[in-house]
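Chemist: Enclosed is the structure file entry-v3.cif (mmCIF, C-alpha atoms and all ligand atoms).
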```cif
data_data
loop_
_atom_site.label_atom_id
_atom_site.label_comp_id
_atom_site.auth_asym_id
_atom_site.auth_seq_id
_atom_site.Cartn_x
_atom_site.Cartn_y
_atom_site.Cartn_z
CA MET D 1 -13.45 -50.39 -62.41
CA THR D 2 -11.42 -47.43 -61.23
CA ASP D 3 -11.61 -44.32 -63.41
CA GLU D 4 -8.16 -42.84 -64.05
CA ILE D 5 -8.33 -39.04 -64.01
CA THR D 6 -5.52 -36.62 -64.80
CA VAL D 7 -5.86 -33.36 -62.85
CA ILE D 8 -4.08 -30.27 -64.22
CA PRO D 9 -4.91 -27.08 -62.30
CA GLY D 10 -2.82 -24.90 -64.63
CA ASP D 11 -2.47 -21.18 -63.93
CA GLY D 12 -4.10 -18.52 -61.77
CA ILE D 13 -7.54 -19.42 -60.45
CA GLY D 14 -7.14 -22.87 -62.02
CA GLN D 15 -5.18 -23.61 -58.82
CA GLU D 16 -8.33 -22.83 -56.80
CA VAL D 17 -11.27 -24.08 -58.85
CA THR D 18 -9.71 -27.39 -59.91
CA PRO D 19 -9.15 -28.68 -56.34
CA ALA D 20 -12.74 -27.58 -55.61
CA ALA D 21 -14.04 -29.84 -58.39
CA VAL D 22 -11.80 -32.69 -57.22
CA ASP D 23 -13.25 -32.32 -53.69
CA VAL D 24 -16.72 -32.70 -55.20
CA LEU D 25 -15.68 -35.82 -57.16
CA GLU D 26 -14.04 -37.29 -54.05
CA SER D 27 -17.25 -36.82 -52.08
CA LEU D 28 -19.03 -39.27 -54.40
CA GLU D 29 -19.12 -43.03 -53.96
CA ILE D 30 -17.06 -43.66 -57.07
CA GLU D 31 -13.55 -45.06 -57.16
CA PHE D 32 -11.24 -42.61 -58.91
CA ALA D 33 -7.47 -42.71 -59.26
CA PHE D 34 -6.38 -39.08 -59.55
CA HIS D 35 -3.05 -38.28 -61.23
CA GLU D 36 -1.84 -34.76 -60.38
CA ALA D 37 0.04 -33.09 -63.21
CA ASP D 38 1.45 -29.65 -63.85
CA ALA D 39 1.41 -27.23 -66.79
CA GLY D 40 1.27 -23.53 -67.49
CA ASP D 41 3.08 -20.23 -67.18
CA HIS D 42 4.62 -21.11 -63.81
CA VAL D 43 6.02 -24.38 -65.21
CA LYS D 44 7.52 -22.53 -68.16
CA GLU D 45 9.18 -20.08 -65.78
CA GLU D 46 10.73 -22.94 -63.82
CA THR D 47 11.65 -25.34 -66.62
CA GLY D 48 11.44 -23.41 -69.90
CA GLU D 49 8.59 -25.66 -71.06
CA ALA D 50 4.89 -25.00 -70.33
CA LEU D 51 3.67 -28.54 -70.94
CA PRO D 52 5.91 -31.30 -69.57
CA ALA D 53 5.92 -34.55 -71.56
CA GLU D 54 4.68 -36.47 -68.47
CA THR D 55 1.59 -34.24 -68.32
CA TYR D 56 0.86 -34.73 -72.02
CA ASP D 57 1.35 -38.51 -71.68
CA LEU D 58 -0.99 -38.72 -68.68
CA ALA D 59 -3.73 -36.83 -70.53
CA ALA D 60 -3.20 -39.10 -73.54
CA SER D 61 -3.50 -42.29 -71.51
CA THR D 62 -6.01 -41.73 -68.68
CA ASP D 63 -9.79 -41.97 -69.08
CA ALA D 64 -10.39 -38.26 -68.62
CA THR D 65 -8.61 -35.05 -67.68
CA LEU D 66 -9.83 -32.21 -65.51
CA PHE D 67 -8.10 -28.97 -66.47
CA GLY D 68 -8.27 -25.60 -64.72
CA ALA D 69 -7.00 -22.61 -66.61
CA ALA D 70 -4.35 -21.51 -69.04
CA GLY D 71 -2.62 -18.14 -68.94
CA GLU D 72 -0.09 -16.64 -71.35
CA THR D 73 1.02 -20.11 -72.46
CA ALA D 74 -2.50 -21.19 -73.53
CA ALA D 75 -1.32 -22.09 -77.05
CA ASP D 76 1.42 -24.33 -75.62
CA VAL D 77 -0.81 -25.96 -73.02
CA ILE D 78 -4.48 -26.25 -73.83
CA LEU D 79 -4.17 -26.84 -77.57
CA PRO D 80 -1.72 -29.79 -77.22
CA LEU D 81 -3.78 -31.19 -74.33
CA ARG D 82 -6.88 -31.21 -76.51
CA GLU D 83 -4.81 -33.01 -79.13
CA ALA D 84 -3.56 -35.47 -76.46
CA VAL D 85 -7.13 -36.60 -75.79
CA GLY D 86 -7.92 -36.65 -79.52
CA SER D 87 -10.65 -34.07 -79.06
CA PHE D 88 -12.42 -32.87 -82.18
CA VAL D 89 -15.27 -30.96 -80.49
CA ASN D 90 -15.53 -28.60 -77.55
CA VAL D 91 -19.03 -28.73 -76.06
CA ARG D 92 -19.82 -25.42 -74.35
CA PRO D 93 -23.27 -25.08 -72.75
CA ALA D 94 -24.37 -21.52 -71.89
CA LYS D 95 -27.32 -21.68 -69.52
CA ALA D 96 -28.82 -19.05 -67.22
CA TYR D 97 -29.52 -20.68 -63.87
CA PRO D 98 -32.40 -19.63 -61.62
CA GLY D 99 -31.18 -17.25 -58.93
CA VAL D 100 -28.23 -15.95 -60.94
CA ASP D 101 -28.52 -12.33 -62.02
CA ALA D 102 -28.24 -12.86 -65.78
CA LEU D 103 -28.56 -10.28 -68.56
CA ARG D 104 -30.71 -12.82 -70.44
CA PRO D 105 -32.31 -15.29 -68.00
CA ASP D 106 -33.90 -17.05 -70.99
CA THR D 107 -30.53 -18.25 -72.34
CA ASP D 108 -30.11 -22.00 -72.72
CA LEU D 109 -27.92 -23.00 -75.62
CA VAL D 110 -24.97 -25.21 -76.43
CA PHE D 111 -22.01 -24.37 -78.66
CA LEU D 112 -20.33 -27.22 -80.50
CA ARG D 113 -16.96 -25.76 -81.38
CA GLU D 114 -14.58 -27.30 -83.90
CA ASN D 115 -11.56 -28.09 -81.78
CA THR D 116 -8.55 -28.84 -83.99
CA GLU D 117 -8.14 -26.33 -86.76
CA GLY D 118 -9.24 -22.92 -88.08
CA VAL D 119 -6.93 -20.12 -86.94
CA TYR D 120 -5.91 -22.13 -83.85
CA SER D 121 -3.91 -24.66 -85.84
CA GLY D 122 -0.63 -22.88 -85.04
CA HIS D 123 0.54 -21.88 -88.51
CA GLU D 124 1.69 -18.36 -87.70
CA ASN D 125 4.72 -16.69 -89.23
CA ARG D 126 6.64 -13.46 -88.68
CA LEU D 127 7.79 -12.71 -92.22
CA SER D 128 9.39 -9.32 -91.59
CA ASP D 129 9.48 -6.48 -89.07
CA ASP D 130 6.23 -5.31 -90.60
CA LEU D 131 4.40 -8.48 -91.58
CA SER D 132 3.00 -11.51 -89.77
CA THR D 133 0.72 -14.09 -91.34
CA LEU D 134 -1.52 -16.91 -90.20
CA THR D 135 -2.71 -19.86 -92.23
CA ARG D 136 -6.31 -20.84 -91.50
CA VAL D 137 -6.78 -24.58 -91.87
CA VAL D 138 -10.18 -26.10 -92.61
CA THR D 139 -10.61 -29.69 -93.72
CA SER D 140 -13.77 -31.41 -94.88
CA SER D 141 -12.91 -34.38 -92.65
CA ALA D 142 -12.74 -32.37 -89.39
CA SER D 143 -15.89 -30.43 -90.32
CA GLU D 144 -17.71 -33.66 -91.13
CA GLN D 145 -16.58 -35.29 -87.88
CA LEU D 146 -17.96 -32.29 -85.98
CA ALA D 147 -21.20 -32.50 -87.96
CA GLU D 148 -21.57 -36.23 -87.20
CA PHE D 149 -21.19 -35.41 -83.52
CA ALA D 150 -23.71 -32.55 -83.82
CA CYS D 151 -26.26 -34.88 -85.44
CA GLU D 152 -25.88 -37.40 -82.59
CA PHE D 153 -25.97 -34.59 -80.05
CA VAL D 154 -29.28 -33.18 -81.28
CA ALA D 155 -30.82 -36.65 -81.54
CA ASP D 156 -29.73 -37.60 -78.00
CA GLY D 157 -30.79 -34.24 -76.58
CA GLY D 158 -34.18 -34.14 -78.29
CA TYR D 159 -33.38 -30.95 -80.21
CA ASP D 160 -35.07 -30.11 -83.52
CA GLY D 161 -31.79 -29.45 -85.32
CA PHE D 162 -28.86 -27.06 -85.13
CA HIS D 163 -27.59 -23.70 -86.37
CA VAL D 164 -24.32 -23.43 -88.28
CA ALA D 165 -22.51 -20.15 -87.56
CA HIS D 166 -19.94 -19.13 -90.16
CA LYS D 167 -18.65 -16.26 -92.25
CA ALA D 168 -18.64 -17.99 -95.61
CA ASN D 169 -19.70 -14.81 -97.42
CA VAL D 170 -16.20 -13.43 -96.72
CA MET D 171 -14.01 -16.49 -96.05
CA ARG D 172 -15.47 -18.29 -99.02
CA GLU D 173 -12.94 -21.05 -99.27
CA THR D 174 -12.38 -21.93 -95.59
CA ASP D 175 -15.74 -21.18 -93.99
CA GLY D 176 -17.37 -22.18 -97.27
CA ARG D 177 -15.81 -25.62 -96.91
CA PHE D 178 -16.80 -25.75 -93.23
CA ARG D 179 -20.41 -24.79 -93.96
CA ASP D 180 -20.79 -27.09 -96.97
CA SER D 181 -19.29 -30.07 -95.14
CA VAL D 182 -21.47 -29.60 -92.04
CA LEU D 183 -24.65 -29.06 -94.07
CA ALA D 184 -23.97 -32.10 -96.28
CA VAL D 185 -23.64 -34.43 -93.28
CA ALA D 186 -26.77 -32.99 -91.66
CA GLU D 187 -28.75 -33.39 -94.88
CA GLU D 188 -27.60 -36.99 -95.27
CA ARG D 189 -28.64 -37.69 -91.67
CA GLY D 190 -31.98 -35.90 -92.07
CA VAL D 191 -31.15 -33.31 -89.40
CA GLU D 192 -32.61 -29.82 -89.76
CA THR D 193 -30.13 -26.97 -89.98
CA GLU D 194 -30.17 -23.23 -90.28
CA GLU D 195 -27.24 -21.06 -91.31
CA VAL D 196 -26.37 -17.87 -89.48
CA LEU D 197 -23.55 -15.44 -90.18
CA MET D 198 -21.44 -15.37 -87.05
CA ASP D 199 -21.41 -11.57 -86.72
CA ALA D 200 -25.20 -11.44 -87.03
CA PHE D 201 -25.42 -14.29 -84.52
CA ALA D 202 -23.57 -12.12 -81.96
CA THR D 203 -26.35 -9.53 -82.20
CA HIS D 204 -29.27 -11.95 -82.42
CA VAL D 205 -28.18 -14.02 -79.42
CA CYS D 206 -28.10 -10.88 -77.25
CA LEU D 207 -31.50 -9.67 -78.47
CA ASP D 208 -33.24 -13.05 -78.22
CA PRO D 209 -31.21 -16.10 -77.16
CA THR D 210 -34.32 -18.29 -77.31
CA GLN D 211 -33.87 -18.43 -81.11
CA PHE D 212 -30.93 -20.78 -80.60
CA ASP D 213 -30.44 -24.22 -79.06
CA VAL D 214 -27.38 -25.89 -80.58
CA VAL D 215 -24.85 -23.79 -82.49
CA VAL D 216 -22.08 -25.45 -84.52
CA CYS D 217 -19.08 -23.14 -85.01
CA PRO D 218 -15.56 -23.00 -86.38
CA ASN D 219 -12.87 -22.93 -83.71
CA LEU D 220 -12.25 -19.22 -83.08
CA ALA D 221 -15.92 -18.31 -83.53
CA GLY D 222 -16.88 -20.94 -80.94
CA ASP D 223 -14.34 -19.54 -78.49
CA VAL D 224 -15.46 -15.94 -78.90
CA LEU D 225 -19.21 -16.47 -79.20
CA SER D 226 -19.36 -18.73 -76.14
CA ASP D 227 -17.56 -16.06 -74.08
CA LEU D 228 -20.13 -13.59 -75.38
CA ALA D 229 -22.90 -15.92 -74.23
CA ALA D 230 -21.20 -16.14 -70.82
CA GLY D 231 -21.94 -12.42 -70.54
CA LEU D 232 -25.63 -13.21 -70.95
CA VAL D 233 -25.77 -15.81 -68.18
CA GLY D 234 -23.84 -14.22 -65.32
CA GLY D 235 -20.24 -14.17 -66.47
CA LEU D 236 -17.36 -16.41 -67.38
CA GLY D 237 -17.60 -18.21 -64.05
CA MET D 238 -20.75 -19.93 -65.33
CA LEU D 239 -19.63 -21.79 -68.46
CA PRO D 240 -18.33 -25.37 -68.30
CA SER D 241 -16.93 -27.29 -71.22
CA ALA D 242 -16.11 -30.77 -72.45
CA ASN D 243 -13.44 -31.53 -75.06
CA ILE D 244 -14.60 -34.83 -76.47
CA GLY D 245 -12.44 -37.37 -78.27
CA PRO D 246 -13.21 -40.89 -79.47
CA GLU D 247 -11.70 -42.55 -76.39
CA ARG D 248 -11.10 -39.88 -73.78
CA GLY D 249 -12.07 -36.35 -72.86
CA LEU D 250 -10.77 -33.20 -71.24
CA PHE D 251 -13.08 -31.14 -69.08
CA GLU D 252 -12.43 -27.49 -68.24
CA PRO D 253 -14.23 -24.29 -67.41
CA VAL D 254 -14.45 -21.87 -70.33
CA HIS D 255 -12.77 -19.14 -68.28
CA GLY D 256 -9.03 -18.54 -68.17
CA SER D 257 -6.63 -17.87 -65.32
CA ALA D 258 -8.16 -14.54 -64.13
CA PRO D 259 -4.88 -13.10 -62.79
CA ASP D 260 -6.78 -10.13 -61.27
CA ILE D 261 -8.33 -12.36 -58.58
CA ALA D 262 -5.93 -15.31 -58.53
CA GLY D 263 -4.79 -16.28 -55.04
CA GLU D 264 -7.65 -14.53 -53.26
CA GLY D 265 -9.77 -17.66 -52.81
CA ILE D 266 -12.85 -16.00 -54.28
CA ALA D 267 -13.01 -17.57 -57.77
CA ASN D 268 -16.40 -18.98 -58.74
CA PRO D 269 -15.99 -22.79 -58.91
CA ALA D 270 -19.39 -23.39 -60.60
CA ALA D 271 -18.04 -23.75 -64.15
CA THR D 272 -15.37 -26.23 -63.10
CA ILE D 273 -17.73 -28.25 -60.93
CA ILE D 274 -20.27 -28.45 -63.78
CA SER D 275 -17.36 -29.48 -66.04
CA ALA D 276 -16.73 -32.29 -63.53
CA ALA D 277 -20.41 -33.26 -63.90
CA MET D 278 -19.85 -33.47 -67.66
CA LEU D 279 -16.81 -35.66 -66.96
CA LEU D 280 -18.96 -37.96 -64.82
CA GLU D 281 -21.57 -38.25 -67.58
CA TYR D 282 -18.87 -38.90 -70.18
CA LEU D 283 -17.58 -41.78 -68.04
CA GLY D 284 -21.09 -43.22 -67.74
CA HIS D 285 -21.85 -42.01 -64.19
CA ASP D 286 -25.03 -40.31 -65.34
CA ASP D 287 -26.82 -40.28 -61.98
CA ASP D 288 -23.82 -38.81 -60.18
CA GLY D 289 -23.36 -36.23 -62.93
CA GLN D 290 -26.99 -35.22 -62.60
CA ALA D 291 -26.68 -35.09 -58.79
CA VAL D 292 -23.67 -32.75 -59.06
CA ARG D 293 -25.54 -30.52 -61.53
CA SER D 294 -28.57 -30.35 -59.22
CA ALA D 295 -26.37 -29.56 -56.22
CA VAL D 296 -24.67 -26.69 -58.10
CA GLU D 297 -28.03 -25.41 -59.32
CA GLY D 298 -29.39 -25.47 -55.75
CA VAL D 299 -26.40 -23.51 -54.44
CA LEU D 300 -26.65 -20.99 -57.29
CA GLU D 301 -30.32 -20.50 -56.46
CA ASP D 302 -30.12 -19.95 -52.72
CA GLY D 303 -26.64 -20.76 -51.44
CA PRO D 304 -23.45 -18.77 -50.92
CA ARG D 305 -22.17 -16.75 -53.90
CA THR D 306 -18.75 -15.62 -54.93
CA PRO D 307 -18.24 -11.87 -55.67
CA ASP D 308 -18.67 -12.27 -59.46
CA LEU D 309 -22.28 -13.25 -58.70
CA GLY D 310 -22.79 -10.43 -56.20
CA GLY D 311 -21.94 -12.34 -53.00
CA ASP D 312 -19.03 -12.39 -50.60
CA ALA D 313 -18.48 -16.14 -50.27
CA SER D 314 -15.19 -17.88 -50.94
CA THR D 315 -14.48 -20.67 -53.41
CA ASP D 316 -14.39 -23.07 -50.45
CA ASP D 317 -17.75 -21.84 -49.08
CA VAL D 318 -19.43 -22.56 -52.42
CA THR D 319 -17.69 -25.92 -52.80
CA ASP D 320 -18.67 -27.00 -49.28
CA ALA D 321 -22.27 -25.96 -49.95
CA VAL D 322 -22.31 -28.10 -53.13
CA ILE D 323 -20.88 -31.09 -51.27
CA ASP D 324 -23.41 -30.63 -48.43
CA ARG D 325 -26.23 -30.98 -50.96
CA LEU D 326 -24.90 -34.20 -52.44
N1 LIG H 401 -10.01 -23.23 -69.03
C1 LIG H 401 -9.92 -22.66 -70.31
C2 LIG H 401 -8.81 -21.69 -70.47
O1 LIG H 401 -7.83 -21.72 -69.78
N2 LIG H 401 -8.99 -20.79 -71.41
C3 LIG H 401 -7.99 -19.85 -71.78
C4 LIG H 401 -7.82 -19.75 -73.24
O2 LIG H 401 -7.12 -18.88 -73.70
N3 LIG H 401 -8.44 -20.63 -73.99
C5 LIG H 401 -8.37 -20.70 -75.39
C6 LIG H 401 -9.27 -21.77 -75.91
O3 LIG H 401 -10.20 -22.19 -75.21
O4 LIG H 401 -9.08 -22.21 -77.03
#
```
Just give me the structure as structure tokens.

Modeler:
Amino acid sequence: MTDEITVIPGDGIGQEVTPAAVDVLESLEIEFAFHEADAGDHVKEETGEALPAETYDLAASTDATLFGAAGETAADVILPLREAVGSFVNVRPAKAYPGVDALRPDTDLVFLRENTEGVYSGHENRLSDDLSTLTRVVTSSASEQLAEFACEFVADGGYDGFHVAHKANVMRETDGRFRDSVLAVAEERGVETEEVLMDAFATHVCLDPTQFDVVVCPNLAGDVLSDLAAGLVGGLGMLPSANIGPERGLFEPVHGSAPDIAGEGIANPAATIISAAMLLEYLGHDDDGQAVRSAVEGVLEDGPRTPDLGGDASTDDVTDAVIDRL
């Protein structure tokens, strides 16, 4: 059966790293039907709308979506796209690969980020010239759905349990609900958990990342803490992600549009290509996903490197080297 894939490069370096990942997918012996779609700052400039309805509808109807990067219109693009695929969790692995100059080469952890609510639920208001407010939404149902996923994730991955990062000592009602809901599901399922205050986590993960394997977080905390972990493993060019829904998924690097290097052809495609490997695994192409991961790992170890990793190779050089290894 042909896998239907929506491809949305988005803004900035998304226009460079997304085609790189598509080239890798096209080099495999799998039948894909790719549907090119547009979204982002440049679309808003042209049409007044960052996310065309056709793009949303494609993401909501195809098997999976590969997304590049969002710029200034992130809230109008990536949040609705995650909703389009029904995603309730953003899986963000942070792993230091051999050969990459990492601050903490012993980092190997996975963030499971709540993907629908918290402070990213869009309830912001400008009440006066002096005052703006934001409503933070936390439901037991979304927290429990995340926890169910986390329990499956640790069982499938052979982990002992998971950490829950929160700030329930200050945000007693919202993070308190999040923490209590997650812990209740884990207890019912017999999965071991440990709580960690998210600010303390930021320090502990830098001092000794080996203390952590799987970290379940509210939305904003997952976004920020995974970027922090990117700093431990070689930079934002290293972190892939999978937005998982019940029937479809959206796969994207953790990094944004990087306007400082956009258009130069030197963006690191590793995060997007590993995101494509996660897409393959999500669609059941486990062997191909593993082959893509191994090819990226081989190139990171002794192949060409983009400037963010200390080399002078282009996005295309790295992509070609990955494809050569497949
Ligand atoms: N490829 C991910 C991306 O474009 N990130 C930019 C961004 O602002 N993301 C916010 C989020 O991940 O919630």

Chemist: Compile the contact shell of D:Leu58 as a PyMOL selection string: residues with an atom at most 12 Å away, counting all atoms listed in the file, same-chain residues fewer than 4 positions apart removed.

Modeler: chain D and resi 4-8+34-39+51-54+62-66+81+84-85+248+250

Chemist: Could you list the protein, DNA and RNA residues that have any atom within 7 Å of ligand LIG 401 (chain H), counting only C-alpha atoms and all ligand atoms, and write them as a PyMOL selection string?

Modeler: chain D and resi 67-71+74+78-79+223+252-257

Chemist: Mind pulling up the distance from atom CA of D:Thr107 to atom CA of D:Thr193?

Modeler: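 For atom CA of D:Thr193 relative to atom CA of D:Thr107, the distance reads 19.7 Å.
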
Chemist: Mind running stretch 171-258 of chain D against stretch 143-147 of chain D at 8 Å and telling me each contacting residue's nearest atom pair with the distance in Å (one decimal), counting all atoms listed in the file, chain and number ascending, as JSON lines?

Modeler:
```
{"residue": "D:Phe178", "atom": "CA", "partner": "D:Ser143", "partner_atom": "CA", "distance": 5.6}
{"residue": "D:Ser181", "atom": "CA", "partner": "D:Glu144", "partner_atom": "CA", "distance": 5.6}
{"residue": "D:Val182", "atom": "CA", "partner": "D:Ala147", "partner_atom": "CA", "distance": 5.0}
{"residue": "D:Leu183", "atom": "CA", "partner": "D:Ala147", "partner_atom": "CA", "distance": 7.8}
{"residue": "D:Val185", "atom": "CA", "partner": "D:Ala147", "partner_atom": "CA", "distance": 6.2}
{"residue": "D:Ala186", "atom": "CA", "partner": "D:Ala147", "partner_atom": "CA", "distance": 6.7}
{"residue": "D:Val216", "atom": "CA", "partner": "D:Ala147", "partner_atom": "CA", "distance": 7.9}
```

Chemist: Have a look at atom CA of D:Ala221 and atom CA of D:Val119 and let me know their distance in Å, one decimal.

Modeler: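 Those two atoms sit 9.8 Å apart.
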
Chemist: Can you build me a table of stretch 197-283 of chain D residues sitting at most 7 Å from stretch 313-318 of chain D, with the closest atom pair per residue and its distance in Å to one decimal, using only C-alpha atoms, sorted by chain and residue number, as CSV?

Modeler:
```
residue,atom,partner,partner_atom,distance
D:Gly265,CA,D:Thr315,CA,5.6
D:Ile266,CA,D:Ser314,CA,4.5
D:Ala267,CA,D:Thr315,CA,5.5
D:Asn268,CA,D:Thr315,CA,5.9
D:Pro269,CA,D:Thr315,CA,6.1
```

Chemist: I need the residue nearest D:Glu16 from this list: D:Ala295, D:Val215, D:Leu197, D:Ala270. Use all atoms listed in the file for the distance.

Modeler: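 The shortest atom-to-atom distance to D:Glu16 comes from D:Ala270.
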
Chemist: Point out the residue among D:Gly158, D:Ala276, D:Arg113, D:Asp286 with the least atom-to-atom distance to D:Glu26, counting all atoms listed in the file.

Modeler: D:Ala276

Chemist: Quote the spacing between atom CA of D:Val100 and atom CA of D:Val24 in Å to one decimal place.

Modeler: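 Going from atom CA of D:Val100 over to atom CA of D:Val24, I get 21.1 Å.
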
Chemist: Reconstruct stretch 213-233 of chain D at the level of N, CA, C and O atoms, and format the result as a CSV table (one decimal), in the frame of the given file.

Modeler:
```csv
chain,number,residue,atom,x,y,z
D,213,ASP,N,-30.6,-23.1,-80.0
D,213,ASP,CA,-30.4,-24.2,-79.1
D,213,ASP,C,-29.0,-24.7,-79.2
D,213,ASP,O,-28.2,-24.6,-78.3
D,214,VAL,N,-28.7,-25.3,-80.3
D,214,VAL,CA,-27.4,-25.9,-80.6
D,214,VAL,C,-26.7,-25.1,-81.7
D,214,VAL,O,-27.4,-24.9,-82.8
D,215,VAL,N,-25.5,-24.6,-81.5
D,215,VAL,CA,-24.8,-23.8,-82.5
D,215,VAL,C,-23.5,-24.4,-82.8
D,215,VAL,O,-22.6,-24.5,-81.9
D,216,VAL,N,-23.3,-24.8,-84.1
D,216,VAL,CA,-22.1,-25.4,-84.5
D,216,VAL,C,-21.2,-24.4,-85.1
D,216,VAL,O,-21.7,-23.6,-86.0
D,217,CYS,N,-20.0,-24.3,-84.6
D,217,CYS,CA,-19.1,-23.1,-85.0
D,217,CYS,C,-17.7,-23.6,-85.4
D,217,CYS,O,-17.2,-24.5,-84.8
D,218,PRO,N,-17.0,-22.8,-86.2
D,218,PRO,CA,-15.6,-23.0,-86.4
D,218,PRO,C,-14.9,-22.6,-85.1
D,218,PRO,O,-15.5,-22.0,-84.2
D,219,ASN,N,-13.6,-23.0,-85.0
D,219,ASN,CA,-12.9,-22.9,-83.7
D,219,ASN,C,-12.9,-21.5,-83.0
D,219,ASN,O,-13.4,-21.4,-81.9
D,220,LEU,N,-12.3,-20.5,-83.7
D,220,LEU,CA,-12.2,-19.2,-83.1
D,220,LEU,C,-13.6,-18.7,-82.8
D,220,LEU,O,-13.9,-18.1,-81.7
D,221,ALA,N,-14.6,-18.8,-83.7
D,221,ALA,CA,-15.9,-18.3,-83.5
D,221,ALA,C,-16.5,-18.9,-82.3
D,221,ALA,O,-17.2,-18.3,-81.5
D,222,GLY,N,-16.3,-20.3,-82.1
D,222,GLY,CA,-16.9,-20.9,-80.9
D,222,GLY,C,-16.3,-20.4,-79.6
D,222,GLY,O,-17.0,-20.3,-78.6
D,223,ASP,N,-15.0,-20.1,-79.7
D,223,ASP,CA,-14.3,-19.5,-78.5
D,223,ASP,C,-14.9,-18.2,-78.2
D,223,ASP,O,-15.3,-17.9,-77.0
D,224,VAL,N,-15.0,-17.3,-79.1
D,224,VAL,CA,-15.5,-15.9,-78.9
D,224,VAL,C,-17.0,-15.9,-78.6
D,224,VAL,O,-17.4,-15.2,-77.6
D,225,LEU,N,-17.8,-16.6,-79.4
D,225,LEU,CA,-19.2,-16.5,-79.2
D,225,LEU,C,-19.7,-17.1,-77.9
D,225,LEU,O,-20.6,-16.7,-77.3
D,226,SER,N,-19.0,-18.1,-77.4
D,226,SER,CA,-19.4,-18.7,-76.1
D,226,SER,C,-19.0,-17.8,-75.0
D,226,SER,O,-19.7,-17.7,-74.0
D,227,ASP,N,-17.9,-17.1,-75.1
D,227,ASP,CA,-17.6,-16.1,-74.1
D,227,ASP,C,-18.6,-15.0,-74.1
D,227,ASP,O,-19.0,-14.4,-73.0
D,228,LEU,N,-19.1,-14.6,-75.3
D,228,LEU,CA,-20.1,-13.6,-75.4
D,228,LEU,C,-21.4,-14.1,-74.7
D,228,LEU,O,-22.0,-13.4,-73.9
D,229,ALA,N,-21.7,-15.4,-74.9
D,229,ALA,CA,-22.9,-15.9,-74.2
D,229,ALA,C,-22.7,-16.0,-72.7
D,229,ALA,O,-23.7,-15.9,-72.0
D,230,ALA,N,-21.4,-16.1,-72.3
D,230,ALA,CA,-21.2,-16.1,-70.8
D,230,ALA,C,-21.7,-14.8,-70.2
D,230,ALA,O,-22.2,-14.8,-69.1
D,231,GLY,N,-21.5,-13.7,-71.0
D,231,GLY,CA,-21.9,-12.4,-70.5
D,231,GLY,C,-23.4,-12.3,-70.4
D,231,GLY,O,-24.0,-11.5,-69.6
D,232,LEU,N,-24.2,-13.2,-71.1
D,232,LEU,CA,-25.6,-13.2,-71.0
D,232,LEU,C,-26.1,-14.0,-69.7
D,232,LEU,O,-27.3,-13.9,-69.3
D,233,VAL,N,-25.3,-14.9,-69.2
D,233,VAL,CA,-25.8,-15.8,-68.2
D,233,VAL,C,-25.1,-15.6,-66.8
D,233,VAL,O,-25.2,-16.5,-65.9
```
